[in-house]
$ cat input14.cif   # mmCIF, C-alpha atoms
data_model
#
loop_
_atom_site.group_PDB
_atom_site.id
_atom_site.type_symbol
_atom_site.label_atom_id
_atom_site.label_comp_id
_atom_site.auth_asym_id
_atom_site.auth_seq_id
_atom_site.Cartn_x
_atom_site.Cartn_y
_atom_site.Cartn_z
ATOM 1 C CA MET A 23 -43.223 3.771 -19.302
ATOM 2 C CA SER A 24 -39.790 2.884 -17.895
ATOM 3 C CA ILE A 25 -39.473 1.522 -14.370
ATOM 4 C CA ARG A 26 -37.999 3.951 -11.848
ATOM 5 C CA LYS A 27 -34.767 2.786 -10.225
ATOM 6 C CA ILE A 28 -32.997 3.202 -6.900
ATOM 7 C CA VAL A 29 -29.403 1.963 -6.601
ATOM 8 C CA ILE A 30 -28.003 1.300 -3.126
ATOM 9 C CA THR A 31 -24.250 0.673 -3.243
ATOM 10 C CA GLN A 32 -24.129 -1.044 0.145
ATOM 11 C CA ASN A 33 -24.843 -4.515 1.451
ATOM 12 C CA LEU A 34 -28.036 -4.362 3.496
ATOM 13 C CA LYS A 35 -29.892 -6.692 5.829
ATOM 14 C CA PRO A 36 -32.832 -8.483 4.168
ATOM 15 C CA GLU A 37 -35.270 -6.678 6.468
ATOM 16 C CA HIS A 38 -33.959 -3.287 5.338
ATOM 17 C CA ILE A 39 -34.277 -4.264 1.680
ATOM 18 C CA ALA A 40 -37.835 -5.403 2.384
ATOM 19 C CA GLN A 41 -38.635 -2.089 4.089
ATOM 20 C CA ILE A 42 -37.398 -0.107 1.093
ATOM 21 C CA LYS A 43 -39.220 -2.307 -1.436
ATOM 22 C CA HIS A 44 -42.408 -1.902 0.585
ATOM 23 C CA ILE A 45 -42.124 1.893 0.219
ATOM 24 C CA VAL A 46 -41.349 1.738 -3.530
ATOM 25 C CA PRO A 47 -43.130 -1.458 -4.646
ATOM 26 C CA GLU A 48 -43.161 -0.514 -8.325
ATOM 27 C CA TRP A 49 -39.506 0.557 -8.459
ATOM 28 C CA ASP A 50 -36.492 -1.510 -9.442
ATOM 29 C CA VAL A 51 -34.339 -1.697 -6.285
ATOM 30 C CA ILE A 52 -30.684 -2.662 -6.848
ATOM 31 C CA VAL A 53 -28.640 -3.393 -3.723
ATOM 32 C CA GLY A 54 -24.992 -4.367 -3.220
ATOM 33 C CA LYS A 55 -21.446 -3.061 -2.819
ATOM 34 C CA GLU A 56 -19.914 -4.827 -5.814
ATOM 35 C CA PRO A 57 -19.801 -2.585 -8.918
ATOM 36 C CA ALA A 58 -20.901 -5.524 -11.049
ATOM 37 C CA LEU A 59 -24.279 -5.351 -9.300
ATOM 38 C CA TRP A 60 -24.986 -1.667 -9.964
ATOM 39 C CA LYS A 61 -22.842 -0.610 -12.939
ATOM 40 C CA GLU A 62 -25.416 -1.270 -15.631
ATOM 41 C CA HIS A 63 -28.166 0.405 -13.600
ATOM 42 C CA ALA A 64 -26.365 3.579 -12.405
ATOM 43 C CA LYS A 65 -27.140 5.688 -15.482
ATOM 44 C CA ASP A 66 -30.856 4.948 -15.178
ATOM 45 C CA ALA A 67 -31.061 5.380 -11.411
ATOM 46 C CA GLU A 68 -33.256 8.231 -10.209
ATOM 47 C CA ILE A 69 -31.942 7.775 -6.672
ATOM 48 C CA ILE A 70 -28.482 6.590 -5.642
ATOM 49 C CA VAL A 71 -27.695 5.731 -2.032
ATOM 50 C CA GLY A 72 -23.990 5.628 -1.163
ATOM 51 C CA TRP A 73 -21.337 7.263 -3.361
ATOM 52 C CA LYS A 74 -18.661 5.069 -4.907
ATOM 53 C CA GLY A 75 -15.630 5.847 -7.040
ATOM 54 C CA GLY A 76 -16.551 5.447 -10.688
ATOM 55 C CA LEU A 77 -20.216 6.356 -10.253
ATOM 56 C CA ALA A 78 -19.669 9.766 -11.819
ATOM 57 C CA ASP A 79 -18.915 8.067 -15.147
ATOM 58 C CA TYR A 80 -22.478 6.773 -15.189
ATOM 59 C CA CYS A 81 -24.805 8.995 -13.196
ATOM 60 C CA LEU A 82 -23.356 12.447 -13.965
ATOM 61 C CA GLU A 83 -23.106 12.056 -17.719
ATOM 62 C CA GLU A 84 -25.567 13.600 -20.154
ATOM 63 C CA GLY A 85 -28.777 11.602 -20.310
ATOM 64 C CA SER A 86 -28.441 10.080 -16.856
ATOM 65 C CA SER A 87 -31.521 9.969 -14.634
ATOM 66 C CA LEU A 88 -30.048 10.919 -11.230
ATOM 67 C CA LYS A 89 -32.174 13.360 -9.219
ATOM 68 C CA TRP A 90 -31.219 12.587 -5.627
ATOM 69 C CA LEU A 91 -28.029 11.282 -4.030
ATOM 70 C CA GLN A 92 -28.096 10.093 -0.417
ATOM 71 C CA THR A 93 -24.532 9.583 0.818
ATOM 72 C CA TRP A 94 -23.431 6.878 3.239
ATOM 73 C CA SER A 95 -20.997 9.305 4.895
ATOM 74 C CA ALA A 96 -21.409 12.491 6.893
ATOM 75 C CA GLY A 97 -18.717 14.361 4.982
ATOM 76 C CA VAL A 98 -19.317 15.281 1.350
ATOM 77 C CA ASP A 99 -15.990 16.991 0.597
ATOM 78 C CA SER A 100 -14.747 14.027 -1.486
ATOM 79 C CA LEU A 101 -17.747 14.168 -3.852
ATOM 80 C CA PRO A 102 -17.783 15.990 -7.241
ATOM 81 C CA LEU A 103 -19.924 18.748 -5.750
ATOM 82 C CA GLU A 104 -19.712 21.132 -8.710
ATOM 83 C CA ARG A 105 -20.903 18.468 -11.142
ATOM 84 C CA LEU A 106 -23.699 17.408 -8.809
ATOM 85 C CA GLN A 107 -24.792 21.019 -8.377
ATOM 86 C CA THR A 108 -24.668 21.681 -12.123
ATOM 87 C CA LYS A 109 -26.978 18.716 -12.603
ATOM 88 C CA ASN A 110 -29.304 20.153 -9.881
ATOM 89 C CA THR A 111 -28.963 16.945 -7.898
ATOM 90 C CA ILE A 112 -30.576 16.861 -4.475
ATOM 91 C CA LEU A 113 -27.805 15.855 -2.059
ATOM 92 C CA THR A 114 -28.367 14.528 1.460
ATOM 93 C CA SER A 115 -25.703 13.208 3.819
ATOM 94 C CA ALA A 116 -25.478 10.732 6.692
ATOM 95 C CA ASN A 117 -24.752 13.492 9.173
ATOM 96 C CA GLY A 118 -25.806 12.607 12.732
ATOM 97 C CA VAL A 119 -25.212 8.861 12.398
ATOM 98 C CA HIS A 120 -21.836 9.301 14.097
ATOM 99 C CA ALA A 121 -22.874 11.305 17.159
ATOM 100 C CA TYR A 122 -22.671 8.406 19.625
ATOM 101 C CA PRO A 123 -19.540 6.575 18.417
ATOM 102 C CA ILE A 124 -17.516 9.712 17.699
ATOM 103 C CA SER A 125 -18.408 11.400 20.989
ATOM 104 C CA GLU A 126 -17.336 8.174 22.716
ATOM 105 C CA THR A 127 -14.028 8.268 20.833
ATOM 106 C CA ILE A 128 -13.539 11.924 21.776
ATOM 107 C CA PHE A 129 -13.817 11.068 25.457
ATOM 108 C CA ALA A 130 -11.725 7.922 25.035
ATOM 109 C CA LEU A 131 -8.936 10.116 23.634
ATOM 110 C CA MET A 132 -9.384 12.851 26.238
ATOM 111 C CA LEU A 133 -9.470 10.400 29.144
ATOM 112 C CA GLY A 134 -6.653 8.329 27.685
ATOM 113 C CA LEU A 135 -4.379 11.364 27.507
ATOM 114 C CA THR A 136 -5.503 12.711 30.882
ATOM 115 C CA ARG A 137 -5.152 9.426 32.777
ATOM 116 C CA LYS A 138 -2.167 8.202 30.683
ATOM 117 C CA ILE A 139 -3.873 5.020 29.529
ATOM 118 C CA HIS A 140 -1.748 4.909 26.369
ATOM 119 C CA THR A 141 1.400 5.118 28.508
ATOM 120 C CA TYR A 142 0.262 2.258 30.719
ATOM 121 C CA VAL A 143 -0.556 0.098 27.689
ATOM 122 C CA LYS A 144 3.039 0.569 26.499
ATOM 123 C CA ASN A 145 4.307 -0.212 30.006
ATOM 124 C CA GLN A 146 2.209 -3.371 30.053
ATOM 125 C CA GLN A 147 3.841 -4.577 26.839
ATOM 126 C CA THR A 148 7.279 -4.344 28.492
ATOM 127 C CA LYS A 149 6.033 -5.527 31.938
ATOM 128 C CA THR A 150 7.047 -2.174 33.412
ATOM 129 C CA TRP A 151 5.460 -1.148 36.752
ATOM 130 C CA ASN A 152 5.776 2.621 36.671
ATOM 131 C CA HIS A 153 3.661 5.495 38.013
ATOM 132 C CA SER A 154 4.450 7.556 34.878
ATOM 133 C CA SER A 155 3.710 10.832 36.721
ATOM 134 C CA ILE A 156 -0.060 10.586 36.371
ATOM 135 C CA LYS A 157 -1.853 13.510 38.023
ATOM 136 C CA LEU A 158 -4.451 15.163 35.780
ATOM 137 C CA GLU A 159 -8.245 15.010 36.070
ATOM 138 C CA ILE A 160 -10.857 15.800 33.458
ATOM 139 C CA HIS A 161 -13.550 16.850 35.949
ATOM 140 C CA GLU A 162 -14.419 20.558 36.039
ATOM 141 C CA LYS A 163 -12.025 21.477 33.247
ATOM 142 C CA THR A 164 -12.968 23.583 30.201
ATOM 143 C CA ILE A 165 -13.620 22.015 26.810
ATOM 144 C CA GLY A 166 -13.837 23.968 23.568
ATOM 145 C CA ILE A 167 -15.866 22.259 20.862
ATOM 146 C CA ILE A 168 -15.060 23.700 17.448
ATOM 147 C CA GLY A 169 -18.004 22.780 15.237
ATOM 148 C CA VAL A 170 -21.169 22.282 17.269
ATOM 149 C CA GLY A 171 -23.184 19.995 15.020
ATOM 150 C CA GLU A 172 -24.715 16.682 16.074
ATOM 151 C CA ILE A 173 -21.368 15.302 17.256
ATOM 152 C CA GLY A 174 -20.522 18.515 19.079
ATOM 153 C CA LYS A 175 -23.904 18.587 20.814
ATOM 154 C CA GLU A 176 -23.523 15.027 22.073
ATOM 155 C CA THR A 177 -19.979 15.799 23.220
ATOM 156 C CA ALA A 178 -21.226 18.852 25.121
ATOM 157 C CA LYS A 179 -23.927 16.749 26.784
ATOM 158 C CA ILE A 180 -21.399 14.157 27.987
ATOM 159 C CA ALA A 181 -18.990 16.876 29.123
ATOM 160 C CA LYS A 182 -21.598 18.081 31.590
ATOM 161 C CA ALA A 183 -21.457 14.667 33.344
ATOM 162 C CA PHE A 184 -17.851 15.567 34.178
ATOM 163 C CA GLY A 185 -18.866 19.004 35.437
ATOM 164 C CA MET A 186 -16.980 20.649 32.594
ATOM 165 C CA THR A 187 -17.401 24.193 31.349
ATOM 166 C CA VAL A 188 -18.351 23.906 27.689
ATOM 167 C CA LEU A 189 -17.387 26.530 25.127
ATOM 168 C CA GLY A 190 -18.541 26.105 21.559
ATOM 169 C CA ALA A 191 -17.827 27.625 18.173
ATOM 170 C CA ARG A 192 -19.882 27.407 15.029
ATOM 171 C CA HIS A 193 -20.486 29.466 11.925
ATOM 172 C CA SER A 194 -23.842 30.849 13.056
ATOM 173 C CA GLY A 195 -22.910 31.466 16.684
ATOM 174 C CA LYS A 196 -26.386 30.187 17.569
ATOM 175 C CA PRO A 197 -26.706 28.878 21.174
ATOM 176 C CA ALA A 198 -26.993 25.136 21.847
ATOM 177 C CA ASP A 199 -27.997 22.973 24.781
ATOM 178 C CA PHE A 200 -25.184 22.149 27.235
ATOM 179 C CA VAL A 201 -22.911 24.842 25.731
ATOM 180 C CA ASP A 202 -22.174 27.565 28.278
ATOM 181 C CA GLU A 203 -20.736 30.080 25.824
ATOM 182 C CA MET A 204 -21.012 30.045 22.032
ATOM 183 C CA TYR A 205 -18.590 31.807 19.715
ATOM 184 C CA THR A 206 -18.489 32.288 15.973
ATOM 185 C CA SER A 207 -15.774 30.676 13.887
ATOM 186 C CA ASP A 208 -13.847 33.945 13.638
ATOM 187 C CA GLN A 209 -13.636 34.272 17.450
ATOM 188 C CA LEU A 210 -11.271 31.366 18.083
ATOM 189 C CA ASP A 211 -8.685 33.766 19.489
ATOM 190 C CA GLN A 212 -11.095 34.456 22.361
ATOM 191 C CA LEU A 213 -12.059 30.808 22.926
ATOM 192 C CA LEU A 214 -8.781 28.880 22.616
ATOM 193 C CA PRO A 215 -6.860 30.473 25.532
ATOM 194 C CA LYS A 216 -9.612 29.383 27.935
ATOM 195 C CA CYS A 217 -9.631 25.694 27.046
ATOM 196 C CA ASP A 218 -8.026 22.669 28.664
ATOM 197 C CA TYR A 219 -9.259 20.533 25.761
ATOM 198 C CA VAL A 220 -9.879 21.717 22.194
ATOM 199 C CA VAL A 221 -11.984 19.352 20.093
ATOM 200 C CA ALA A 222 -12.276 19.880 16.325
ATOM 201 C CA THR A 223 -15.425 18.287 14.877
ATOM 202 C CA LEU A 224 -15.436 20.290 11.660
ATOM 203 C CA PRO A 225 -16.311 19.346 8.086
ATOM 204 C CA LEU A 226 -13.790 20.286 5.411
ATOM 205 C CA THR A 227 -14.817 23.428 3.540
ATOM 206 C CA SER A 228 -13.008 26.399 2.038
ATOM 207 C CA GLU A 229 -13.501 28.183 5.378
ATOM 208 C CA THR A 230 -12.225 25.367 7.608
ATOM 209 C CA HIS A 231 -9.248 24.334 5.473
ATOM 210 C CA TYR A 232 -6.102 24.826 7.605
ATOM 211 C CA LEU A 233 -8.129 26.611 10.264
ATOM 212 C CA PHE A 234 -5.693 25.333 12.894
ATOM 213 C CA GLY A 235 -2.083 26.330 12.412
ATOM 214 C CA GLU A 236 0.831 27.842 14.323
ATOM 215 C CA LYS A 237 -1.180 30.910 15.388
ATOM 216 C CA GLN A 238 -4.024 28.854 16.893
ATOM 217 C CA PHE A 239 -1.731 26.413 18.720
ATOM 218 C CA ASN A 240 0.162 29.350 20.202
ATOM 219 C CA GLN A 241 -3.144 30.709 21.521
ATOM 220 C CA MET A 242 -3.811 27.490 23.435
ATOM 221 C CA LYS A 243 -2.637 26.722 26.959
ATOM 222 C CA SER A 244 0.622 24.780 27.196
ATOM 223 C CA SER A 245 -1.334 22.286 29.317
ATOM 224 C CA ALA A 246 -4.108 21.848 26.718
ATOM 225 C CA PHE A 247 -4.884 18.750 24.679
ATOM 226 C CA PHE A 248 -6.012 18.937 21.039
ATOM 227 C CA ILE A 249 -8.461 16.373 19.652
ATOM 228 C CA ASN A 250 -9.291 16.118 15.935
ATOM 229 C CA ILE A 251 -11.993 13.750 14.684
ATOM 230 C CA GLY A 252 -13.303 15.926 11.816
ATOM 231 C CA ARG A 253 -11.008 16.192 8.819
ATOM 232 C CA GLY A 254 -7.209 16.126 8.716
ATOM 233 C CA GLU A 255 -6.967 19.066 6.327
ATOM 234 C CA VAL A 256 -8.499 21.342 8.946
ATOM 235 C CA VAL A 257 -5.046 21.295 10.568
ATOM 236 C CA VAL A 258 -1.641 22.368 9.255
ATOM 237 C CA GLU A 259 -0.023 19.110 10.329
ATOM 238 C CA LYS A 260 3.561 20.348 10.385
ATOM 239 C CA ASP A 261 2.488 23.145 12.745
ATOM 240 C CA LEU A 262 0.768 20.621 14.999
ATOM 241 C CA VAL A 263 3.889 18.456 15.054
ATOM 242 C CA GLN A 264 5.982 21.490 15.996
ATOM 243 C CA ALA A 265 3.545 22.507 18.733
ATOM 244 C CA LEU A 266 3.710 18.999 20.216
ATOM 245 C CA GLN A 267 7.496 18.739 19.933
ATOM 246 C CA GLU A 268 8.099 22.136 21.521
ATOM 247 C CA GLY A 269 5.571 21.765 24.348
ATOM 248 C CA ILE A 270 3.367 24.561 23.029
ATOM 249 C CA ILE A 271 0.457 22.186 23.758
ATOM 250 C CA ALA A 272 0.468 19.140 26.033
ATOM 251 C CA GLY A 273 -0.726 16.435 23.680
ATOM 252 C CA ALA A 274 -3.139 15.338 20.969
ATOM 253 C CA GLY A 275 -5.666 12.649 20.162
ATOM 254 C CA LEU A 276 -5.922 12.294 16.370
ATOM 255 C CA ASP A 277 -8.288 10.234 14.233
ATOM 256 C CA VAL A 278 -7.782 12.146 10.966
ATOM 257 C CA PHE A 279 -4.744 13.379 9.045
ATOM 258 C CA GLU A 280 -3.784 15.453 6.015
ATOM 259 C CA THR A 281 -2.713 12.285 4.191
ATOM 260 C CA GLU A 282 -4.340 8.959 4.996
ATOM 261 C CA PRO A 283 -3.082 6.439 5.837
ATOM 262 C CA LEU A 284 -0.702 8.490 7.988
ATOM 263 C CA MET A 285 2.757 8.218 6.423
ATOM 264 C CA GLN A 286 5.221 5.881 8.146
ATOM 265 C CA GLU A 287 7.779 8.668 8.454
ATOM 266 C CA SER A 288 5.425 10.994 10.363
ATOM 267 C CA PRO A 289 6.885 11.946 13.757
ATOM 268 C CA LEU A 290 3.382 11.687 15.234
ATOM 269 C CA TRP A 291 3.674 7.878 15.371
ATOM 270 C CA GLU A 292 6.420 7.923 17.987
ATOM 271 C CA MET A 293 5.308 10.800 20.204
ATOM 272 C CA ASP A 294 4.551 9.860 23.808
ATOM 273 C CA ASN A 295 1.968 12.649 24.059
ATOM 274 C CA VAL A 296 -0.093 11.531 21.046
ATOM 275 C CA ILE A 297 -2.772 8.872 20.599
ATOM 276 C CA ILE A 298 -3.529 7.867 17.000
ATOM 277 C CA THR A 299 -6.607 6.099 15.668
ATOM 278 C CA PRO A 300 -6.934 5.278 11.924
ATOM 279 C CA HIS A 301 -10.020 7.353 10.969
ATOM 280 C CA THR A 302 -12.265 4.903 12.810
ATOM 281 C CA SER A 303 -14.028 7.188 15.288
ATOM 282 C CA GLY A 304 -17.336 6.883 13.429
ATOM 283 C CA SER A 305 -17.318 3.093 13.209
ATOM 284 C CA THR A 306 -20.247 1.484 14.990
ATOM 285 C CA GLU A 307 -22.323 -1.683 15.032
ATOM 286 C CA HIS A 308 -25.428 0.452 14.408
ATOM 287 C CA TYR A 309 -24.204 2.449 11.388
ATOM 288 C CA ASN A 310 -26.362 0.902 8.658
ATOM 289 C CA ASP A 311 -29.431 0.762 10.885
ATOM 290 C CA ARG A 312 -29.208 4.484 11.604
ATOM 291 C CA VAL A 313 -28.618 5.514 7.981
ATOM 292 C CA ILE A 314 -31.554 3.445 6.767
ATOM 293 C CA GLU A 315 -34.064 4.013 9.554
ATOM 294 C CA ASN A 316 -33.259 7.569 10.646
ATOM 295 C CA ILE A 317 -32.306 9.164 7.329
ATOM 296 C CA LEU A 318 -32.971 7.205 4.132
ATOM 297 C CA ILE A 319 -36.502 5.938 4.817
ATOM 298 C CA PRO A 320 -37.901 9.271 6.103
ATOM 299 C CA ASN A 321 -36.185 11.100 3.221
ATOM 300 C CA LEU A 322 -37.500 8.568 0.705
ATOM 301 C CA LYS A 323 -41.068 9.045 1.924
ATOM 302 C CA THR A 324 -40.661 12.821 1.614
ATOM 303 C CA TYR A 325 -39.267 12.427 -1.915
ATOM 304 C CA LEU A 326 -42.176 10.238 -2.968
ATOM 305 C CA ASP A 327 -44.548 12.942 -1.726
ATOM 306 C CA GLY A 328 -43.008 15.245 -4.311
ATOM 307 C CA LYS A 329 -40.992 17.254 -1.790
ATOM 308 C CA ILE A 330 -37.254 17.772 -1.371
ATOM 309 C CA PRO A 331 -35.810 15.420 1.280
ATOM 310 C CA ASN A 332 -34.983 17.631 4.252
ATOM 311 C CA ILE A 333 -32.959 15.418 6.606
ATOM 312 C CA ASN A 334 -29.305 16.452 6.163
ATOM 313 C CA LEU A 335 -29.961 18.389 2.962
ATOM 314 C CA VAL A 336 -26.566 19.664 1.813
ATOM 315 C CA ASN A 337 -26.113 23.329 0.990
ATOM 316 C CA TYR A 338 -23.746 23.339 -1.992
ATOM 317 C CA ASP A 339 -22.588 26.886 -1.273
ATOM 318 C CA LYS A 340 -21.545 25.977 2.276
ATOM 319 C CA GLY A 341 -20.186 22.559 1.375
ATOM 320 C CA TYR A 342 -22.121 20.708 4.089
#

$ encode --input "input14.cif" --output "structure tokens"
Amino acid sequence: MSIRKIVITQNLKPEHIAQIKHIVPEWDVIVGKEPALWKEHAKDAEIIVGWKGGLADYCLEEGSSLKWLQTWSAGVDSLPLERLQTKNTILTSANGVHAYPISETIFALMLGLTRKIHTYVKNQQTKTWNHSSIKLEIHEKTIGIIGVGEIGKETAKIAKAFGMTVLGARHSGKPADFVDEMYTSDQLDQLLPKCDYVVATLPLTSETHYLFGEKQFNQMKSSAFFINIGRGEVVVEKDLVQALQEGIIAGAGLDVFETEPLMQESPLWEMDNVIITPHTSGSTEHYNDRVIENILIPNLKTYLDGKIPNINLVNYDKGY
């Protein structure tokens, strides 16, 4: 009888490797980022943890052993979803790992724009002592969170510390803690005009692709700030640029873009009312610990019990 295999395409701490081997003592456990470490094992792997370019050539071909893929990322839009679904592969994501770091980035961007921190950093570089017309406060304003998943929930919780009114939008319209009013995704026209801050925390799906364009920016207050930490393709970028250039909205904090890295010629780079971060909002010192301890290990135990792993189980039809 052949030995069952799990391939983990990440570099892990020795204690995490030991934890996994303790759960599957009779399995072959292959760990490491370098393709040379996992290439020859990928076709025979029953479980793969962490998707890498080139894996499809091994684990999605006829005769491969893959039954369950646990991603290392929250988003799954870059995966070959149709091929995985055709193969009846169980797919689970790392959704929820980012709630703390991304919510912190959201407020860093909101506060930076509100209190002109980015302007003062530029002034510091030129030794310029200038008031820069600072006047806005974040307290008791209204925030609209578009996509109330784990990140959105944590953002709503923090918003309450600032006494903010929290409006939310999600596909189901189901209420959530710390959200004062919940809307469905087709009710943005009712939500957007009320918001001082609009925060997009959406995955990329057929329904969210280009959800924000000229129409949506025109529905926002001219004093509103737009924050996007979800996926760049949720926004029609040229429409966002126009809205910022023409004062249709006040400013933007952007971690994601239609094309990444953001092209050098993009006007966004030089706008005084924009803060750019290079798709780093989810980066955290605790990332691997949370994926392993909060998602992979509980899911692995469920799988070994003969059940489908249920933490962050991806619905192929929805795309998340």

$ resolve_selection --input "input14.cif" --expression "the PyMOL selection byres ((chain A and resi 59-64) around 8)" --output "compact mmCIF listing (two decimals) with C-alpha atoms, keeping the file's coordinate frame"
# COMPACT_ATOMS: atom_id res chain seq x y z
CA LYS A 27 -34.77 2.79 -10.22
CA VAL A 29 -29.40 1.96 -6.60
CA THR A 31 -24.25 0.67 -3.24
CA ILE A 52 -30.68 -2.66 -6.85
CA VAL A 53 -28.64 -3.39 -3.72
CA GLY A 54 -24.99 -4.37 -3.22
CA LYS A 55 -21.45 -3.06 -2.82
CA GLU A 56 -19.91 -4.83 -5.81
CA PRO A 57 -19.80 -2.58 -8.92
CA ALA A 58 -20.90 -5.52 -11.05
CA LYS A 65 -27.14 5.69 -15.48
CA ASP A 66 -30.86 4.95 -15.18
CA ALA A 67 -31.06 5.38 -11.41
CA ILE A 70 -28.48 6.59 -5.64
CA LEU A 77 -20.22 6.36 -10.25
CA TYR A 80 -22.48 6.77 -15.19
CA CYS A 81 -24.80 8.99 -13.20

$ resolve_selection --input "input14.cif" --expression "the PyMOL selection byres ((chain A and resi 277) around 7)" --output "number ranges by chain"
A: 250-251, 275-276, 278, 298-303

$ closest_residue --input "input14.cif" --among "A:Val170, A:Asn110, A:Phe247, A:Ile139" --to "A:Ser155" --atoms "all atoms listed in the file"
A:Ile139

$ resolve_selection --input "input14.cif" --expression "the PyMOL selection byres ((chain A and resi 204-221) around 6)" --output "PyMOL selection string"
chain A and resi 164-168+189-193+195+197+203+222+241-243+246-250

$ atom_distance --input "input14.cif" --atom1 "atom CA of A:Gly171" --atom2 "atom CA of A:Lys35"
29.0 Å

$ closest_residue --input "input14.cif" --among "A:Leu158, A:Ala116, A:Leu233, A:Leu266" --to "A:Met132" --atoms "only C-alpha atoms"
A:Leu158

$ closest_residue --input "input14.cif" --among "A:Pro289, A:Gly304, A:Gly72, A:Gly97" --to "A:Ala121" --atoms "all atoms listed in the file"
A:Gly304

$ closest_residue --input "input14.cif" --among "A:Ser194, A:Thr187, A:Gln41, A:Asn152" --to "A:Gly169" --atoms "only C-alpha atoms"
A:Ser194

$ residues_around --input "input14.cif" --residues "A:Ile319" --least-positions-apart "2" --cutoff "12 Å" --atoms "all atoms listed in the file" --output "list in words"
His38, Ile39, Ala40, Gln41, Ile42, Lys43, His44, Ile45, Val46, Val71, Gln92, Asn310, Asp311, Arg312, Val313, Ile314, Glu315, Asn316, Ile317, Asn321, Leu322, Lys323, Thr324, Tyr325, Leu326, Pro331, Asn332 and Ile333 of chain A

$ closest_residue --input "input14.cif" --among "A:Ser86, A:Thr230, A:Ser100, A:Ser154" --to "A:Trp73" --atoms "only C-alpha atoms"
A:Ser100

$ residues_around --input "input14.cif" --residues "A:Lys89" --least-positions-apart "5" --cutoff "7 Å" --atoms "only C-alpha atoms" --output "PyMOL selection string"
chain A and resi 68-69+111-112

$ atom_distance --input "input14.cif" --atom1 "atom CA of A:Val296" --atom2 "atom CA of A:Gly185"
24.8 Å

$ atom_distance --input "input14.cif" --atom1 "atom CA of A:Glu37" --atom2 "atom CA of A:Gly118"
22.4 Å

$ closest_residue --input "input14.cif" --among "A:Met293, A:Ala78, A:Leu88, A:Ile173" --to "A:Leu103" --atoms "all atoms listed in the file"
A:Ala78

$ residues_around --input "input14.cif" --residues "A:Ser228" --least-positions-apart "6" --cutoff "12 Å" --atoms "all atoms listed in the file" --output "compact mmCIF listing (two decimals) with C-alpha atoms, keeping the file's coordinate frame"
# COMPACT_ATOMS: atom_id res chain seq x y z
CA ASP A 99 -15.99 16.99 0.60
CA GLU A 255 -6.97 19.07 6.33
CA VAL A 256 -8.50 21.34 8.95
CA TYR A 338 -23.75 23.34 -1.99
CA ASP A 339 -22.59 26.89 -1.27
CA LYS A 340 -21.54 25.98 2.28
CA GLY A 341 -20.19 22.56 1.38
CA TYR A 342 -22.12 20.71 4.09
